[in-house]
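Colleague: Sharing a structure with you now.
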Amino acid sequence: MSESTNSETQSEQARVWLTPEQVDTMRDAATDTGATYLRARNEAIIALLADTGLRNEELTQLTTEMYLRGAGELYLPTHIQKQSGNGRDDWPRSHHLELDVDGTIGTQRSLNTYVDNRWKDSPYLFPSRQSDQMTTRSVRNVVKRLAHEADIQPFRYDESGEFGRGDPDDVHPHVFRHSLAYRLLHDRDDNRFDIYFVRNRLRHASLQTTLRKYDHFRTI
């Protein structure tokens with residue numbers, strides 16, 4: 001591999017991620033801080049990002065009808081998904097959302113609590129104060145504020161291969177996508193969670209995309 005190609009590959013590697021415990025700390029911060037009527041919404045956003053690895057643009061386009069409550073699933077129609085870039089559209093997908101486990105409130109219950117107590121009647125799952133639909137900037141601001149409230153120091157992996165810790169400003173919505181990949185690759189209870197499983201869960205266009213971004217996660 002040429003030096004330039006190797007540099008390009010390194011630049012695509014995921015550099016920042018959170019542990020499940022740090023995600024839980026941010027969820028706690030969401031329920032304890034901010035405007036009271038927005039707390040359930042913000043906690044559900046963190047839970048959903050961490051569980052599904054949704055892209056920020058996809059999250060903001062979710063409608064209430066895409067949450068299939070009876071099945072405990074989130075339905076992602078083709079039109080809200082990032083296009084594959086290989087000349088075809090992604091097909092519709094469904095994510096089964098996590099249940100309560102070992103005292104941790106699962107994504108299903110988090111969403112149910114939020115939906116049952118929404119302060120605004122909107123076709124979109126996550127409205128804002130000003131609009132029926134949150135913007136990607138609004139979601140980033142919520143995530144950043146909660147990272148500061150929880151004093152999150154995410155894990156970092158720099159270009160020299162050294163580990164370190166970041167600060168709250170390093171946490172943004174896409175970090176939850178990286179965090180899901182890391183969690184799945186390090187889940188020792190179920191060997192289904194290999195790089196192929198991560199590729200399918202994150203809906204990458206090809207396995208090469210997953211390898212470029214997350215292959216190093218398997219050894220750290």
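We name chains A, B, ... following the order of the structure tokens; residues begin at 1 in each chain, and ligands are numbered from 1 as shown.
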List every residue of region 97-193 of chain A that has an atom at most 8 Å from any atom of region 33-39 of chain A, and for each one report the closest atom pair and its distance in Å to one decimal, counting only C-alpha atoms, with rows sorted by chain and then by increasing residue number, as a tab-separated table.
Modeller:
residue	atom	partner	partner_atom	distance
A:Arg118	CA	A:Tyr37	CA	8.0
A:Trp119	CA	A:Tyr37	CA	6.7
A:Glu149	CA	A:Thr33	CA	7.9
Colleague: Would you output that residue set with C-alpha atoms, as a tab-separated table (two decimals), in the first residue's frame?
Modeller:
chain	number	residue	atom	x	y	z
A	118	ARG	CA	-44.75	14.47	24.20
A	119	TRP	CA	-45.45	18.15	24.71
A	149	GLU	CA	-23.19	18.13	31.74
Colleague: Kindly give the distance, in Å, that separates CA of Gln153 (chain A) and CA of Val16 (chain A), rounded to a single decimal.
Modeller: 9.9 Å
Colleague: Would you please work out which residue, of A:Ala147, A:Thr31, A:Val139, A:Tyr75, is nearest to Tyr114 (chain A) when using only C-alpha atoms?
Modeller: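 Closest candidate: A:Thr31.
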Colleague: Can you pull out the residues contacting Leu18 (chain A)? Cut-off 6 Å, using only C-alpha atoms, and skip same-chain residues under 2 positions away; I want them as an NGL selection string.
Modeller: :A and (22 or 154 or 179)
Colleague: Would you mind listing what lies within 12 Å of Leu146 (chain A) as a ChimeraX atom specification, with only C-alpha atoms counted and same-chain residues fewer than 4 positions away left out?
Modeller: /A:22-34,39,42-43,45-46,139-142,150-152,168-169,171-173
Colleague: Can you work out which one of A:Glu65, A:Asp194, A:Glu73, A:Asp158 has the shortest atom-to-atom distance to Leu97 (chain A), counting only C-alpha atoms?
Modeller: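 For Leu97 (chain A), the nearest of the candidates is A:Glu73.
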Colleague: Which residues, written as a short mmCIF file (atom, residue, chain, number, x, y, z; two decimals) with N, CA, C and O atoms, in the first residue's frame, have at least one atom at most 7 Å from Leu54 (chain A), with only C-alpha atoms counted and residues fewer than 5 positions away on the same chain left out?
Modeller:
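Okay, out.cif is ready:
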data_model
loop_
_atom_site.label_atom_id
_atom_site.label_comp_id
_atom_site.auth_asym_id
_atom_site.auth_seq_id
_atom_site.Cartn_x
_atom_site.Cartn_y
_atom_site.Cartn_z
N LEU A 49 -29.70 6.83 19.38
CA LEU A 49 -28.43 6.92 18.66
C LEU A 49 -27.49 5.78 19.06
O LEU A 49 -26.84 5.15 18.22
N LEU A 59 -31.92 10.54 11.88
CA LEU A 59 -32.66 10.74 13.12
C LEU A 59 -33.67 11.87 12.99
O LEU A 59 -34.82 11.75 13.42
N ARG A 177 -22.40 6.24 16.62
CA ARG A 177 -22.28 5.23 15.56
C ARG A 177 -20.97 4.46 15.75
O ARG A 177 -20.94 3.23 15.67
#
Colleague: Calculated over only C-alpha atoms, which of the candidates A:Tyr157, A:Tyr67, A:Ile220, A:His204 has the smallest distance to Leu185 (chain A)?
Modeller: A:Ile220
Colleague: Neighbouring residues of His174 (chain A) were defined as those with any atom within 8 Å, considering only C-alpha atoms; residues of the same chain fewer than 6 positions away were excluded. Please report them as a ChimeraX atom specification.
Modeller: /A:53,55-56
Colleague: For the residues in the current selection, export N, CA and C atoms as a short mmCIF file (atom, residue, chain, number, x, y, z; two decimals), in the first residue's frame.
Modeller:
data_model
loop_
_atom_site.label_atom_id
_atom_site.label_comp_id
_atom_site.auth_asym_id
_atom_site.auth_seq_id
_atom_site.Cartn_x
_atom_site.Cartn_y
_atom_site.Cartn_z
N GLY A 53 -27.20 3.37 15.95
CA GLY A 53 -26.14 3.94 15.11
C GLY A 53 -26.69 4.81 13.99
N ARG A 55 -27.53 7.82 11.63
CA ARG A 55 -26.88 9.08 11.28
C ARG A 55 -27.78 10.24 11.72
N ASN A 56 -27.16 11.37 12.00
CA ASN A 56 -27.91 12.53 12.47
C ASN A 56 -29.02 12.91 11.49
#
